[in-house]
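> Before anything else, here's the structure in question.
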Amino acid sequence: MSAFGGEEDEIRRLVIDCDPGHDDAIAILVALAQPRWRVDGITVVAGNQTLDKTVRNALQVLTVAGRTHVPVYAGMDRPLVRDLVTAEHVHGESGLEGPALPEPGVKAQPEHAVDWLARHLREAGAPIDVAAVGPLTNLALVLRREPDLARSIGRLVVMGGAVGEGNITPSAEFNIFVDPEAAAIVFGAGIPLTMVGLDVTHQALLPRAEFAAIRALGGPVPEMVADLLDYFAGFHQQVYAFDGVPIHDACAVAALFEPTLLTTRRLRVDVETRGQFTDGRTVCDLWGVTGRQPNAEVAVGIDRDGFLDLLTASLRRLATPPAPA
Ligand code: BDR
Ligand code: CA
């Protein structure tokens with residue numbers, strides 16, 4: 001049995017809900033590279049950029065990876081009640097600046113992401129795991145419409161929030177800040193949820209010195225990833241003086257495939273929706289002072305080397321090694 005209760009040799013299934021985004025793109029690639037996992041679909045939300053761009057980016061990533069059979073569904077183009085805030089300052093005008101990407105080889109599916117995800121969870125016949133690595137708008141709507149679908153999600157890993165820091169504000173992490181009302185619904189839904197926040201993603205930097213080794217794996221996927229990393233590193237150097245990049249979303253998906261990478265604590269997490277300075281904060285009750293029921297496994301530590309090994313092994317599987325001379 002795995003740590004999440006599945007048989008070792010069965011194929012596990014997941015849906016990725018995302019807003020690509022440099023680290024979303026790498027998270028998608030890591031998921032596609034797992035031999036024992038199948039990506040049933042990719043649902044897309046507005047976040048890092050507007051929805052038209054995040055959908056296009058997802059399709060371009062699949063095109064470069066030669067995996068256009070994985071269906072992409074466009075979801076919500078704005079948060080539940082707020083105006084959209086994007087992260088153009090991090091991900092650039094397209095949301096995926098850096099590499100020269102081809103035109104997408106396929107289109108998004110005609111069905112809305114929220115309709116598809118609800119239908120898929122309802123009809124799957126067994127719980128499906130979900131990696132949610134953008135604002136939680138799509139998932140919140142699914143749960144608002146059909147709260148019982150919470151039981152159809154095996155494990156939900158959320159890249160979002162933090163115990164003790166913020167990036168879009170001093171208090172809040174971007175994904176939660178963009179749609180805190182949606183995050184409050186998802187954290188309150190009773191789903192087995194693992195929160196992978198900034199406290200751990202900032203511990204798992206991929207050093208700049210290793211970008212060349214990724215490019216050298218060979219072929220279009222490593223080349224795209226290396227170009228993404230070069231661009232992403234510029235922002236992180238400028239703002240955080242990091243000599244490397246946190247690949248936030250890839251940390252979250254990796255935790256599905258290799259749960260032992262994380263050290264977690266079972267905590268009560270509430271999402272601030274009415275703060276003057278703290279909107280979107282994930283308020284983690286470290287000492288149980290609220291007496292409220294814990295609702296999340298909160299990542300408080302990460303095996304950085306294990307994560308980077310998983311990342312590299314995944315990209316190696318998607319590489320086309322240079323032909324011998
Ligand atoms: C999160 O925000 C986005 O910019 C990234 O894609 C990641 O999901 C990090 O705060
Ligand atoms: Ca993201």
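Chain labels A, B, ... are given in the sequence in which chains occur in the structure tokens; within each chain residues are numbered consecutively from 1, and ligands are likewise numbered from 1 in the order shown.
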Within 6 Å of ligand 1, counting only C-alpha atoms and all ligand atoms: which residues, as a list in words?
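Residues lying within 6 Å of ligand 1: Gly21, Asp23, Asp24, Asn48, Ala87, Val133, Gly134, Met159, Glu173, Phe174, Asn175, His248 and Asp249 of chain A.
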> Just the selected residues (C-alpha atoms), exported as a PDB file, in the first residue's frame, please.

ATOM      1  CA  GLY A  21       2.563  29.931 -15.406  1.00  0.00           C
ATOM      2  CA  ASP A  23       5.974  26.499 -12.398  1.00  0.00           C
ATOM      3  CA  ASP A  24       2.563  25.182 -13.515  1.00  0.00           C
ATOM      4  CA  ASN A  48      -1.006  34.123 -13.424  1.00  0.00           C
ATOM      5  CA  ALA A  87       1.076  37.820 -11.787  1.00  0.00           C
ATOM      6  CA  VAL A 133      -1.907  24.854  -8.350  1.00  0.00           C
ATOM      7  CA  GLY A 134      -3.722  28.055  -9.243  1.00  0.00           C
ATOM      8  CA  MET A 159      -0.106  24.833  -3.882  1.00  0.00           C
ATOM      9  CA  GLU A 173       0.399  33.845  -1.119  1.00  0.00           C
ATOM     10  CA  PHE A 174      -0.772  34.601  -4.674  1.00  0.00           C
ATOM     11  CA  ASN A 175      -3.124  31.666  -5.383  1.00  0.00           C
ATOM     12  CA  HIS A 248       6.139  25.944  -6.302  1.00  0.00           C
ATOM     13  CA  ASP A 249       3.581  23.982  -8.308  1.00  0.00           C
TER      14      ASP A 249
END
> Find the spatial neighbours of region 106-116 of chain A, counting only C-alpha atoms, within a cut-off of 12 Å - ignore same-chain residues fewer than 6 positions away - and output them as a PyMOL selection string.
chain A and resi 15-18+40-46+51-64+66-77+122-124+136-146
> Which residues come within 7 Å of Ser171 (chain A), counting only C-alpha atoms, excluding same-chain residues fewer than 6 positions away, as a VMD selection string?
chain A and resid 165 278 281
> Which residues in region 11-124 of chain A does DSSP call alpha helix (DSSP H)? List them as a PyMOL selection string.
chain A and resi 22-32+51-65+88-91+113-123
> Fewer than 2 positions away in the same chain doesn't count, so skip those; otherwise give me all residues within 9 Å of region 196-206 of chain A, counting only C-alpha atoms, as a ChimeraX atom specification.
/A:157-167,173,194,208-211,242-249,251-252,255,262,297-305,307-308
